$ cat my_file-v3.cif   # mmCIF, C-alpha atoms
data_upload
loop_
_atom_site.group_PDB
_atom_site.id
_atom_site.type_symbol
_atom_site.label_atom_id
_atom_site.label_comp_id
_atom_site.auth_asym_id
_atom_site.auth_seq_id
_atom_site.Cartn_x
_atom_site.Cartn_y
_atom_site.Cartn_z
ATOM 1 C CA MET A 28 57.074 153.521 47.709
ATOM 2 C CA ASP A 29 54.031 155.035 46.002
ATOM 3 C CA GLY A 30 54.290 155.093 42.215
ATOM 4 C CA LYS A 31 53.811 158.855 41.921
ATOM 5 C CA ILE A 32 56.393 159.513 44.623
ATOM 6 C CA ARG A 33 58.802 157.180 42.832
ATOM 7 C CA LYS A 34 58.317 159.131 39.589
ATOM 8 C CA TYR A 35 58.776 162.358 41.498
ATOM 9 C CA ILE A 36 62.073 161.174 42.932
ATOM 10 C CA ALA A 37 63.229 159.941 39.529
ATOM 11 C CA CYS A 38 62.631 163.415 38.144
ATOM 12 C CA VAL A 39 64.476 164.962 41.089
ATOM 13 C CA LEU A 40 67.497 162.796 40.373
ATOM 14 C CA LEU A 41 67.403 163.583 36.681
ATOM 15 C CA GLY A 42 66.960 167.308 37.306
ATOM 16 C CA CYS A 43 63.526 167.575 35.695
ATOM 17 C CA LEU A 44 61.532 168.396 38.815
ATOM 18 C CA PRO A 45 59.330 171.200 37.410
ATOM 19 C CA ALA A 46 57.691 168.934 34.853
ATOM 20 C CA LEU A 47 56.279 166.608 37.475
ATOM 21 C CA TYR A 48 56.196 168.506 40.738
ATOM 22 C CA CYS A 49 52.554 169.574 40.573
ATOM 23 C CA ASN A 50 51.284 166.074 39.759
ATOM 24 C CA ALA A 51 53.323 164.535 42.545
ATOM 25 C CA GLN A 52 52.123 167.153 45.021
ATOM 26 C CA GLN A 53 48.515 166.426 44.160
ATOM 27 C CA GLU A 54 49.088 162.735 44.841
ATOM 28 C CA ASP A 55 50.767 163.302 48.223
ATOM 29 C CA ARG A 56 51.521 166.911 48.937
ATOM 30 C CA ARG A 57 52.802 166.353 52.444
ATOM 31 C CA LEU A 58 55.474 163.800 51.564
ATOM 32 C CA THR A 59 56.754 165.680 48.538
ATOM 33 C CA GLU A 60 56.979 168.879 50.559
ATOM 34 C CA MET A 61 59.266 167.067 52.987
ATOM 35 C CA MET A 62 61.762 166.236 50.240
ATOM 36 C CA PRO A 63 64.951 168.315 50.295
ATOM 37 C CA GLU A 64 65.691 170.722 47.460
ATOM 38 C CA ILE A 65 68.736 169.526 45.559
ATOM 39 C CA PRO A 66 71.176 172.273 44.512
ATOM 40 C CA GLU A 67 71.066 173.021 40.799
ATOM 41 C CA GLU A 68 74.825 172.684 40.485
ATOM 42 C CA LEU A 69 74.502 168.961 41.213
ATOM 43 C CA THR A 70 73.701 167.582 37.764
ATOM 44 C CA GLU A 71 74.816 163.959 37.885
ATOM 45 C CA PRO A 72 72.148 161.438 39.036
ATOM 46 C CA ALA A 73 74.624 159.812 41.454
ATOM 47 C CA GLU A 74 75.406 163.163 43.069
ATOM 48 C CA ARG A 75 71.738 164.059 43.308
ATOM 49 C CA ALA A 76 70.867 160.671 44.808
ATOM 50 C CA ALA A 77 73.591 161.050 47.437
ATOM 51 C CA TYR A 78 72.401 164.544 48.338
ATOM 52 C CA LEU A 79 68.789 163.379 48.560
ATOM 53 C CA VAL A 80 69.669 160.516 50.903
ATOM 54 C CA MET A 81 71.999 162.617 53.044
ATOM 55 C CA HIS A 82 69.457 165.422 53.435
ATOM 56 C CA PHE A 83 66.265 163.354 53.382
ATOM 57 C CA TRP A 84 65.458 164.105 57.034
ATOM 58 C CA ASP A 85 66.298 167.834 57.025
ATOM 59 C CA ARG A 86 62.663 168.930 57.278
ATOM 60 C CA TYR A 87 61.575 166.344 59.849
ATOM 61 C CA ASP A 88 61.285 167.599 63.421
ATOM 62 C CA PHE A 89 62.099 164.558 65.544
ATOM 63 C CA GLY A 90 61.536 166.557 68.694
ATOM 64 C CA ASP A 91 57.843 167.018 67.855
ATOM 65 C CA ALA A 92 55.897 163.768 68.343
ATOM 66 C CA ASP A 93 52.649 165.210 66.956
ATOM 67 C CA PHE A 94 54.431 166.377 63.796
ATOM 68 C CA LEU A 95 55.805 162.891 63.133
ATOM 69 C CA ARG A 96 52.535 161.111 63.875
ATOM 70 C CA LYS A 97 50.331 163.254 61.664
ATOM 71 C CA ASP A 98 49.409 161.334 58.497
ATOM 72 C CA ASP A 99 51.914 158.646 59.635
ATOM 73 C CA LEU A 100 54.583 160.992 58.359
ATOM 74 C CA LEU A 101 57.549 159.262 59.982
ATOM 75 C CA GLU A 102 56.593 155.765 58.860
ATOM 76 C CA ARG A 103 55.713 156.767 55.324
ATOM 77 C CA GLY A 104 58.851 158.850 55.071
ATOM 78 C CA PHE A 105 60.969 155.967 56.339
ATOM 79 C CA ALA A 106 59.531 153.608 53.719
ATOM 80 C CA ASP A 107 60.532 156.062 50.976
ATOM 81 C CA TYR A 108 63.944 156.575 52.555
ATOM 82 C CA ALA A 109 64.597 152.826 52.779
ATOM 83 C CA ASP A 110 63.770 152.471 49.098
ATOM 84 C CA LEU A 111 66.072 155.361 48.183
ATOM 85 C CA LEU A 112 69.028 153.682 49.888
ATOM 86 C CA SER A 113 69.202 151.331 46.902
ATOM 87 C CA LEU A 114 70.394 154.267 44.788
ATOM 88 C CA VAL A 115 73.566 155.013 46.739
ATOM 89 C CA PRO A 116 76.786 153.123 47.573
ATOM 90 C CA GLU A 117 77.562 151.632 50.962
ATOM 91 C CA GLU A 118 79.634 154.566 52.229
ATOM 92 C CA VAL A 119 76.771 156.993 51.582
ATOM 93 C CA ARG A 120 74.348 154.662 53.355
ATOM 94 C CA GLU A 121 76.618 154.633 56.386
ATOM 95 C CA GLN A 122 76.897 158.417 56.479
ATOM 96 C CA SER A 123 73.160 158.822 55.995
ATOM 97 C CA ALA A 124 72.454 156.337 58.786
ATOM 98 C CA GLY A 125 74.523 158.502 61.087
ATOM 99 C CA VAL A 126 72.503 161.584 60.103
ATOM 100 C CA LEU A 127 69.186 159.841 60.762
ATOM 101 C CA MET A 128 70.175 158.396 64.111
ATOM 102 C CA ARG A 129 71.619 161.699 65.334
ATOM 103 C CA LYS A 130 68.401 163.497 64.419
ATOM 104 C CA ALA A 131 66.237 160.791 65.980
ATOM 105 C CA GLY A 132 68.514 160.882 69.027
ATOM 106 C CA VAL A 133 67.025 164.148 70.255
ATOM 107 C CA ARG A 134 64.219 162.138 71.855
ATOM 108 C CA LYS A 135 64.260 158.532 73.074
ATOM 109 C CA GLU A 136 60.732 157.851 71.782
ATOM 110 C CA ALA A 137 61.733 159.032 68.317
ATOM 111 C CA LEU A 138 64.783 156.769 68.304
ATOM 112 C CA THR A 139 62.633 153.856 69.457
ATOM 113 C CA ASP A 140 60.143 154.525 66.661
ATOM 114 C CA VAL A 141 62.917 154.613 64.051
ATOM 115 C CA LEU A 142 64.335 151.321 65.330
ATOM 116 C CA ARG A 143 60.863 149.776 65.117
ATOM 117 C CA LEU A 144 60.588 150.907 61.501
ATOM 118 C CA CYS A 145 64.072 149.602 60.718
ATOM 119 C CA GLU A 146 63.005 146.166 61.899
ATOM 120 C CA LYS A 147 59.614 146.273 60.221
ATOM 121 C CA TYR A 148 60.809 147.370 56.787
ATOM 122 C CA LEU A 149 64.379 146.078 56.508
ATOM 123 C CA TYR A 150 64.554 142.968 58.729
ATOM 124 C CA GLU A 151 61.216 141.213 58.345
ATOM 125 C CA PRO A 152 61.445 138.792 55.383
ATOM 126 C CA ASP A 153 57.872 139.513 54.272
ATOM 127 C CA SER A 154 58.575 143.216 53.818
ATOM 128 C CA PRO A 155 58.893 144.255 50.150
ATOM 129 C CA LEU A 156 61.804 146.458 51.276
ATOM 130 C CA TYR A 157 63.591 143.684 53.185
ATOM 131 C CA ASP A 158 67.344 144.279 52.949
ATOM 132 C CA GLU A 159 69.706 143.534 55.819
ATOM 133 C CA GLU A 160 72.573 145.344 54.086
ATOM 134 C CA LYS A 161 70.619 148.574 54.489
ATOM 135 C CA LEU A 162 69.754 147.673 58.068
ATOM 136 C CA ILE A 163 73.300 147.046 59.301
ATOM 137 C CA PRO A 164 74.607 150.659 59.265
ATOM 138 C CA LEU A 165 71.385 151.916 60.856
ATOM 139 C CA LEU A 166 71.694 149.456 63.733
ATOM 140 C CA LYS A 167 75.375 150.254 64.232
ATOM 141 C CA GLN A 168 74.602 153.958 64.472
ATOM 142 C CA ALA A 169 71.663 153.382 66.813
ATOM 143 C CA LEU A 170 73.761 151.285 69.180
ATOM 144 C CA ALA A 171 76.250 154.162 69.375
ATOM 145 C CA SER A 172 73.520 156.577 70.478
ATOM 146 C CA PRO A 173 73.816 157.796 74.090
ATOM 147 C CA LEU A 174 70.031 157.546 74.376
ATOM 148 C CA LEU A 175 70.307 153.772 74.537
ATOM 149 C CA ASP A 176 71.920 154.112 77.930
ATOM 150 C CA GLY A 177 71.069 150.748 79.424
ATOM 151 C CA ALA A 178 72.047 147.200 78.503
ATOM 152 C CA ALA A 179 68.383 146.207 78.291
ATOM 153 C CA GLU A 180 67.666 148.902 75.700
ATOM 154 C CA LYS A 181 70.444 147.595 73.475
ATOM 155 C CA ILE A 182 69.445 143.935 73.578
ATOM 156 C CA ARG A 183 67.064 143.988 70.620
ATOM 157 C CA PRO A 184 69.103 146.138 68.190
ATOM 158 C CA ALA A 185 72.275 144.252 69.168
ATOM 159 C CA TYR A 186 70.529 140.940 68.471
ATOM 160 C CA LEU A 187 69.234 142.158 65.105
ATOM 161 C CA LEU A 188 72.721 143.324 64.160
ATOM 162 C CA GLU A 189 74.239 139.991 65.160
ATOM 163 C CA GLN A 190 71.736 138.135 62.981
ATOM 164 C CA ALA A 191 72.082 140.511 60.020
ATOM 165 C CA LEU A 192 75.859 140.075 60.028
ATOM 166 C CA LYS A 193 75.587 136.296 59.584
ATOM 167 C CA ASN A 194 76.293 134.934 56.113
ATOM 168 C CA ARG A 195 76.263 138.331 54.425
ATOM 169 C CA THR A 196 76.478 138.707 50.675
ATOM 170 C CA GLY A 197 80.120 138.380 49.648
ATOM 171 C CA GLN A 198 81.079 136.325 52.702
ATOM 172 C CA VAL A 199 81.815 132.597 52.700
ATOM 173 C CA ALA A 200 78.710 130.824 53.958
ATOM 174 C CA THR A 201 79.080 129.157 57.355
ATOM 175 C CA ASP A 202 79.951 125.487 57.013
ATOM 176 C CA PHE A 203 77.877 122.678 58.487
ATOM 177 C CA THR A 204 77.590 118.900 58.292
ATOM 178 C CA PHE A 205 74.609 117.310 56.580
ATOM 179 C CA THR A 206 73.337 113.755 56.216
ATOM 180 C CA PRO A 207 71.691 112.675 52.946
ATOM 181 C CA ALA A 208 69.312 109.744 52.557
ATOM 182 C CA ASP A 209 72.161 107.246 52.075
ATOM 183 C CA GLY A 210 73.632 108.178 55.447
ATOM 184 C CA GLN A 211 76.994 109.335 54.077
ATOM 185 C CA THR A 212 77.654 112.661 55.785
ATOM 186 C CA GLY A 213 79.084 115.639 53.970
ATOM 187 C CA THR A 214 79.787 119.320 54.537
ATOM 188 C CA LEU A 215 78.533 122.385 52.750
ATOM 189 C CA HIS A 216 82.033 123.555 51.839
ATOM 190 C CA ALA A 217 82.989 120.199 50.331
ATOM 191 C CA ALA A 218 79.694 119.535 48.567
ATOM 192 C CA ALA A 219 79.347 119.891 44.793
ATOM 193 C CA ALA A 220 82.921 121.089 44.431
ATOM 194 C CA THR A 221 82.752 121.178 40.617
ATOM 195 C CA ALA A 222 79.513 123.158 40.368
ATOM 196 C CA GLU A 223 79.758 126.841 39.536
ATOM 197 C CA ARG A 224 76.972 127.619 41.985
ATOM 198 C CA THR A 225 75.146 125.961 44.843
ATOM 199 C CA LEU A 226 71.555 126.620 45.790
ATOM 200 C CA LEU A 227 71.217 126.135 49.545
ATOM 201 C CA TYR A 228 67.557 125.418 50.201
ATOM 202 C CA PHE A 229 66.354 125.245 53.825
ATOM 203 C CA HIS A 230 62.915 123.653 53.933
ATOM 204 C CA ASP A 231 60.444 121.801 56.120
ATOM 205 C CA PRO A 232 58.493 118.717 54.969
ATOM 206 C CA GLU A 233 55.229 120.042 56.408
ATOM 207 C CA CYS A 234 55.592 123.539 54.906
ATOM 208 C CA GLU A 235 53.100 124.276 52.129
ATOM 209 C CA ASP A 236 55.173 127.205 50.842
ATOM 210 C CA CYS A 237 58.118 124.810 50.607
ATOM 211 C CA ARG A 238 56.083 122.404 48.497
ATOM 212 C CA MET A 239 55.135 125.216 46.169
ATOM 213 C CA LEU A 240 58.725 126.427 45.863
ATOM 214 C CA THR A 241 59.999 122.886 45.276
ATOM 215 C CA GLY A 242 57.508 122.604 42.431
ATOM 216 C CA ARG A 243 58.628 125.891 40.897
ATOM 217 C CA LEU A 244 62.282 124.902 41.097
ATOM 218 C CA LYS A 245 61.547 121.482 39.562
ATOM 219 C CA ASP A 246 59.502 123.080 36.758
ATOM 220 C CA SER A 247 62.042 125.799 35.971
ATOM 221 C CA PRO A 248 63.709 125.055 32.610
ATOM 222 C CA LEU A 249 66.704 127.181 33.597
ATOM 223 C CA VAL A 250 67.260 125.476 36.950
ATOM 224 C CA GLY A 251 66.773 122.066 35.377
ATOM 225 C CA ARG A 252 69.243 122.747 32.559
ATOM 226 C CA LEU A 253 71.928 124.119 34.909
ATOM 227 C CA VAL A 254 71.568 121.096 37.196
ATOM 228 C CA ARG A 255 71.824 118.675 34.261
ATOM 229 C CA GLU A 256 74.922 120.484 32.980
ATOM 230 C CA GLY A 257 76.535 120.285 36.412
ATOM 231 C CA LYS A 258 76.708 124.047 36.712
ATOM 232 C CA LEU A 259 74.245 124.259 39.601
ATOM 233 C CA ALA A 260 73.956 122.014 42.635
ATOM 234 C CA VAL A 261 70.841 122.070 44.805
ATOM 235 C CA LEU A 262 71.357 121.184 48.457
ATOM 236 C CA ALA A 263 67.973 120.847 50.163
ATOM 237 C CA VAL A 264 68.447 120.736 53.936
ATOM 238 C CA TYR A 265 65.934 119.972 56.663
ATOM 239 C CA THR A 266 67.003 121.356 60.048
ATOM 240 C CA GLY A 267 64.249 119.775 62.159
ATOM 241 C CA GLU A 268 63.993 116.513 64.107
ATOM 242 C CA ASP A 269 61.095 114.704 62.391
ATOM 243 C CA THR A 270 63.121 112.080 60.555
ATOM 244 C CA GLU A 271 60.004 110.163 59.541
ATOM 245 C CA ALA A 272 58.454 113.166 57.793
ATOM 246 C CA TRP A 273 61.788 113.976 56.116
ATOM 247 C CA THR A 274 62.103 110.407 54.804
ATOM 248 C CA GLU A 275 58.516 110.348 53.599
ATOM 249 C CA HIS A 276 58.970 113.502 51.511
ATOM 250 C CA ALA A 277 62.223 112.396 49.878
ATOM 251 C CA ARG A 278 60.430 111.220 46.737
ATOM 252 C CA SER A 279 59.123 114.762 46.163
ATOM 253 C CA PHE A 280 62.639 115.946 45.368
ATOM 254 C CA PRO A 281 64.576 115.267 42.158
ATOM 255 C CA ASP A 282 67.260 112.614 42.353
ATOM 256 C CA ALA A 283 69.785 115.108 40.995
ATOM 257 C CA TRP A 284 69.407 117.264 44.095
ATOM 258 C CA ILE A 285 71.171 116.581 47.379
ATOM 259 C CA TYR A 286 68.322 115.823 49.778
ATOM 260 C CA ALA A 287 69.724 116.005 53.294
ATOM 261 C CA ARG A 288 69.054 116.814 56.918
ATOM 262 C CA ASP A 289 71.002 118.268 59.810
ATOM 263 C CA ALA A 290 71.142 115.108 61.875
ATOM 264 C CA THR A 291 73.042 116.765 64.733
ATOM 265 C CA GLN A 292 70.814 119.882 64.897
ATOM 266 C CA GLN A 293 74.018 121.875 64.519
ATOM 267 C CA ILE A 294 72.497 124.651 62.426
ATOM 268 C CA ASP A 295 69.731 125.497 64.899
ATOM 269 C CA ARG A 296 71.596 124.710 68.099
ATOM 270 C CA GLU A 297 74.575 126.876 67.217
ATOM 271 C CA GLU A 298 72.484 129.441 65.294
ATOM 272 C CA ARG A 299 74.776 129.181 62.291
ATOM 273 C CA TYR A 300 72.062 130.572 60.035
ATOM 274 C CA ASN A 301 69.275 132.974 60.885
ATOM 275 C CA ILE A 302 66.416 130.933 59.438
ATOM 276 C CA ARG A 303 63.248 132.828 60.295
ATOM 277 C CA ARG A 304 60.880 131.128 57.905
ATOM 278 C CA PHE A 305 60.637 128.279 55.459
ATOM 279 C CA PRO A 306 61.525 128.127 52.679
ATOM 280 C CA THR A 307 64.817 130.040 52.816
ATOM 281 C CA LEU A 308 67.159 130.235 49.817
ATOM 282 C CA TYR A 309 70.838 131.135 49.551
ATOM 283 C CA LEU A 310 72.750 131.151 46.284
ATOM 284 C CA LEU A 311 76.484 130.474 46.649
ATOM 285 C CA ASP A 312 79.333 130.650 44.160
ATOM 286 C CA ARG A 313 81.958 127.943 43.501
ATOM 287 C CA ASN A 314 83.874 128.958 46.642
ATOM 288 C CA LYS A 315 80.674 128.984 48.707
ATOM 289 C CA LYS A 316 80.571 132.758 48.936
ATOM 290 C CA VAL A 317 77.066 134.141 49.315
ATOM 291 C CA LEU A 318 75.690 135.665 46.111
ATOM 292 C CA LEU A 319 72.085 135.958 47.285
ATOM 293 C CA LYS A 320 70.895 135.797 50.883
ATOM 294 C CA GLU A 321 67.349 134.776 51.820
ATOM 295 C CA THR A 322 66.318 135.438 48.260
ATOM 296 C CA SER A 323 63.121 134.876 46.290
ATOM 297 C CA PHE A 324 62.537 132.483 43.417
ATOM 298 C CA GLU A 325 62.269 135.422 41.025
ATOM 299 C CA LYS A 326 65.574 136.957 42.102
ATOM 300 C CA LEU A 327 67.233 133.563 42.026
ATOM 301 C CA VAL A 328 66.185 132.876 38.441
ATOM 302 C CA ALA A 329 67.199 136.397 37.371
ATOM 303 C CA CYS A 330 70.672 135.911 38.870
ATOM 304 C CA LEU A 331 71.098 132.475 37.307
ATOM 305 C CA ASP A 332 70.036 133.942 33.992
ATOM 306 C CA GLY A 333 72.579 136.745 34.263
ATOM 307 C CA ARG A 334 69.982 139.461 34.678
ATOM 308 C CA PRO A 335 70.431 142.316 37.209
#

$ encode --input "my_file-v3.cif" --output "C-alpha cells"
Amino acid sequence: MDGKIRKYIACVLLGCLPALYCNAQQEDRRLTEMMPEIPEELTEPAERAAYLVMHFWDRYDFGDADFLRKDDLLERGFADYADLLSLVPEEVREQSAGVLMRKAGVRKEALTDVLRLCEKYLYEPDSPLYDEEKLIPLLKQALASPLLDGAAEKIRPAYLLEQALKNRTGQVATDFTFTPADGQTGTLHAAAATAERTLLYFHDPECEDCRMLTGRLKDSPLVGRLVREGKLAVLAVYTGEDTEAWTEHARSFPDAWIYARDATQQIDREERYNIRRFPTLYLLDRNKKVLLKETSFEKLVACLDGRP
C-alpha cells in the first residue's frame, strides 16, 4: 500500500480525515475517492476499520470492465483492501469476503480477475502481502459463487484452498518421519520434546537462499542462545532425493541442530506440506502447534524475542 494512502486510511480510522484528505487526494485522487465515507457516529478505530473493510467495494462497478481497468483500479484497490484486512478480526474478514465475491459475481470476468489477484497478492510467497489466512475466506466465498458453474472452473481455487488449509497457524503441524545423519529415524511430533519451540526448516543443499538463511540463523545471537539453553530446537529437513549432496552439506549446519532428510519422500509424495520454495520456515510450540507458517527470518526473530 502506498505510504500516503496508508496515512490517509490511518486518519480515516482515527476520525481525523479533514486534516489529511487534500494531501492524500493529490497523491492518488482516484483511489482515495473510491474509499467509503465512514459515518461520524462510528468513533472507535475498530468500528471504523470494520466499516471500511465491509464497505470498501461500494463504489466499484464490477459490471463495467473499462471502469475497473482504468488506472489499474481493481488491482490497486485490491492491494489496499488486502492490507486493510490485517486491521479486522476473522469474522469481519469472512463477511467482507462475501461482500466482495457477491459484487464480483455480477460478471464472470470480474470474478476471474479477483481470483487472480487473490492468488497474486495473498498466495504467492514473494508477495509482500502474502497471507493465506486472508485468502481462505475469499476462496471459500468464490467457490460458492454460481458463476463458477463447472468443475473445471473450480479446480484452481479449490486447489489453492486445499493448500492454504494445510498446517494453518494454531493447528498441530502434520507429522512425518525423518532420518538424521546417524540413521536413527525420528518423527516431528516426538522430536525435541523438552524444547519450548521447534524451528522446522525445509531446505535444499543446492539452494543459495538456503545457504544465506542458514548463515543468518547460525549468526543470530538470539537463536544461538535459545538453542544452547534448550528452549529452541532446529530441525533442518531435506525433502529431495540427492543423498550425496545432503551428506556433503552436513558440515555447514551446527551440531546442535537436527540435520535430517525425508528418506521415504513422504512429505512430497503425500503432499503433507505445501512447500513452494526453499527455504521454508515454520515455528512450532512445545505441542507442535504452528505459531508461524512459511515465515521470514525477521518475523521469526521478532516472535522468538517476544515482539509483535

$ atom_distance --input "my_file-v3.cif" --atom1 "atom CA of A:Pro63" --atom2 "atom CA of A:Tyr78"
8.6 Å

$ closest_residue --input "my_file-v3.cif" --among "A:His276, A:Tyr150, A:Arg57, A:Arg299" --to "A:Arg86" --atoms "only C-alpha atoms"
A:Arg57

$ resolve_selection --input "my_file-v3.cif" --expression "the PyMOL selection byres ((chain A and resi 121-132) around 12)" --output "PyMOL selection string"
chain A and resi 76-92+95+101+104-105+108-109+111-112+115-120+133-142+145+160-176

$ residues_around --input "my_file-v3.cif" --residues "stretch 206-217 of chain A" --least-positions-apart "6" --cutoff "9 Å" --atoms "all atoms listed in the file" --output "PDB file with C-alpha atoms, in the frame of the given file"
ATOM      1  CA  ALA A 200      78.710 130.824  53.958  1.00  0.00           C
ATOM      2  CA  LEU A 227      71.217 126.135  49.545  1.00  0.00           C
ATOM      3  CA  LEU A 262      71.357 121.184  48.457  1.00  0.00           C
ATOM      4  CA  VAL A 264      68.447 120.736  53.936  1.00  0.00           C
ATOM      5  CA  THR A 274      62.103 110.407  54.804  1.00  0.00           C
ATOM      6  CA  ALA A 277      62.223 112.396  49.878  1.00  0.00           C
ATOM      7  CA  ILE A 285      71.171 116.581  47.379  1.00  0.00           C
ATOM      8  CA  TYR A 286      68.322 115.823  49.778  1.00  0.00           C
ATOM      9  CA  ALA A 287      69.724 116.005  53.294  1.00  0.00           C
ATOM     10  CA  ARG A 288      69.054 116.814  56.918  1.00  0.00           C
ATOM     11  CA  ASP A 289      71.002 118.268  59.810  1.00  0.00           C
ATOM     12  CA  ALA A 290      71.142 115.108  61.875  1.00  0.00           C
ATOM     13  CA  ASN A 314      83.874 128.958  46.642  1.00  0.00           C
ATOM     14  CA  LYS A 315      80.674 128.984  48.707  1.00  0.00           C
TER      15      LYS A 315
END

$ atom_distance --input "my_file-v3.cif" --atom1 "atom CA of A:Arg243" --atom2 "atom CA of A:Glu275"
20.1 Å

$ residues_near_point --input "my_file-v3.cif" --point "(69.8, 127.6, 51.4)" --cutoff "6 Å" --atoms "only C-alpha atoms" --output "ChimeraX atom specification"
/A:226-229,307-309

$ atom_distance --input "my_file-v3.cif" --atom1 "atom CA of A:Leu240" --atom2 "atom CA of A:Ile302"
16.2 Å

$ closest_residue --input "my_file-v3.cif" --among "A:Arg103, A:Arg96, A:Arg195, A:Lys326" --to "A:Leu58" --atoms "all atoms listed in the file"
A:Arg103

$ resolve_selection --input "my_file-v3.cif" --expression "the PyMOL selection byres ((chain A and resi 260) around 9)" --output "PyMOL selection string"
chain A and resi 218-219+222-227+253-254+257-259+261-262+283-285

$ closest_residue --input "my_file-v3.cif" --among "A:Asp153, A:Asp55, A:Glu325, A:Glu146" --to "A:Tyr186" --atoms "only C-alpha atoms"
A:Glu146

$ residues_around --input "my_file-v3.cif" --residues "A:Pro306" --least-positions-apart "4" --cutoff "7 Å" --atoms "all atoms listed in the file" --output "PyMOL selection string"
chain A and resi 229-230+236-237

$ resolve_selection --input "my_file-v3.cif" --expression "the PyMOL selection byres ((chain A and resi 291) around 12)" --output "list in words"
Phe203, Thr204, Phe205, Thr206, Thr212, Tyr265, Thr266, Gly267, Glu268, Thr270, Ala287, Arg288, Asp289, Ala290, Gln292, Gln293, Ile294, Asp295, Arg296 and Glu297 of chain A

$ closest_residue --input "my_file-v3.cif" --among "A:Asp110, A:Asp98, A:Glu321, A:Asp158" --to "A:Arg56" --atoms "only C-alpha atoms"
A:Asp98

$ axis_aligned_box --input "my_file-v3.cif" --around "stretch 327-330 of chain A" --padding-each-side "6 Å" --output "JSON"
{"center_x": 68.4, "center_y": 134.6, "center_z": 39.7, "size_x": 16.5, "size_y": 15.5, "size_z": 16.7}

$ closest_residue --input "my_file-v3.cif" --among "A:Asp269, A:Glu256, A:Asp246, A:Asp202" --to "A:Glu233" --atoms "only C-alpha atoms"
A:Asp269

$ closest_residue --input "my_file-v3.cif" --among "A:Ala191, A:Arg313, A:Phe324, A:Ala185" --to "A:Thr221" --atoms "all atoms listed in the file"
A:Arg313

$ build_atoms --input "my_file-v3.cif" --residues "stretch 127-143 of chain A" --atoms "N, CA and C atoms" --output "compact mmCIF listing (two decimals), in the frame of the given file"
# COMPACT_ATOMS: atom_id res chain seq x y z
N LEU A 127 70.52 160.20 60.26
CA LEU A 127 69.19 159.84 60.76
C LEU A 127 69.21 159.56 62.26
N MET A 128 70.16 158.76 62.70
CA MET A 128 70.18 158.40 64.11
C MET A 128 70.53 159.58 65.01
N ARG A 129 71.34 160.50 64.53
CA ARG A 129 71.62 161.70 65.33
C ARG A 129 70.37 162.56 65.46
N LYS A 130 69.63 162.70 64.37
CA LYS A 130 68.40 163.50 64.42
C LYS A 130 67.36 162.83 65.31
N ALA A 131 67.20 161.51 65.15
CA ALA A 131 66.24 160.79 65.98
C ALA A 131 66.68 160.77 67.43
N GLY A 132 67.98 160.95 67.68
CA GLY A 132 68.51 160.88 69.03
C GLY A 132 68.19 162.07 69.91
N VAL A 133 67.42 163.03 69.41
CA VAL A 133 67.03 164.15 70.26
C VAL A 133 65.95 163.73 71.25
N ARG A 134 65.32 162.58 70.99
CA ARG A 134 64.22 162.14 71.86
C ARG A 134 64.19 160.61 71.83
N LYS A 135 64.18 159.99 73.02
CA LYS A 135 64.26 158.53 73.07
C LYS A 135 63.10 157.87 72.33
N GLU A 136 61.88 158.45 72.45
CA GLU A 136 60.73 157.85 71.78
C GLU A 136 60.90 157.88 70.26
N ALA A 137 61.51 158.95 69.76
CA ALA A 137 61.73 159.03 68.32
C ALA A 137 62.73 157.97 67.87
N LEU A 138 63.79 157.78 68.64
CA LEU A 138 64.78 156.77 68.30
C LEU A 138 64.16 155.37 68.35
N THR A 139 63.32 155.14 69.34
CA THR A 139 62.63 153.86 69.46
C THR A 139 61.73 153.61 68.26
N ASP A 140 61.02 154.65 67.82
CA ASP A 140 60.14 154.52 66.66
C ASP A 140 60.94 154.21 65.40
N VAL A 141 62.08 154.86 65.23
CA VAL A 141 62.92 154.61 64.05
C VAL A 141 63.44 153.18 64.07
N LEU A 142 63.86 152.69 65.23
CA LEU A 142 64.33 151.32 65.33
C LEU A 142 63.22 150.33 65.01
N ARG A 143 62.01 150.64 65.44
CA ARG A 143 60.86 149.78 65.12
C ARG A 143 60.65 149.72 63.61
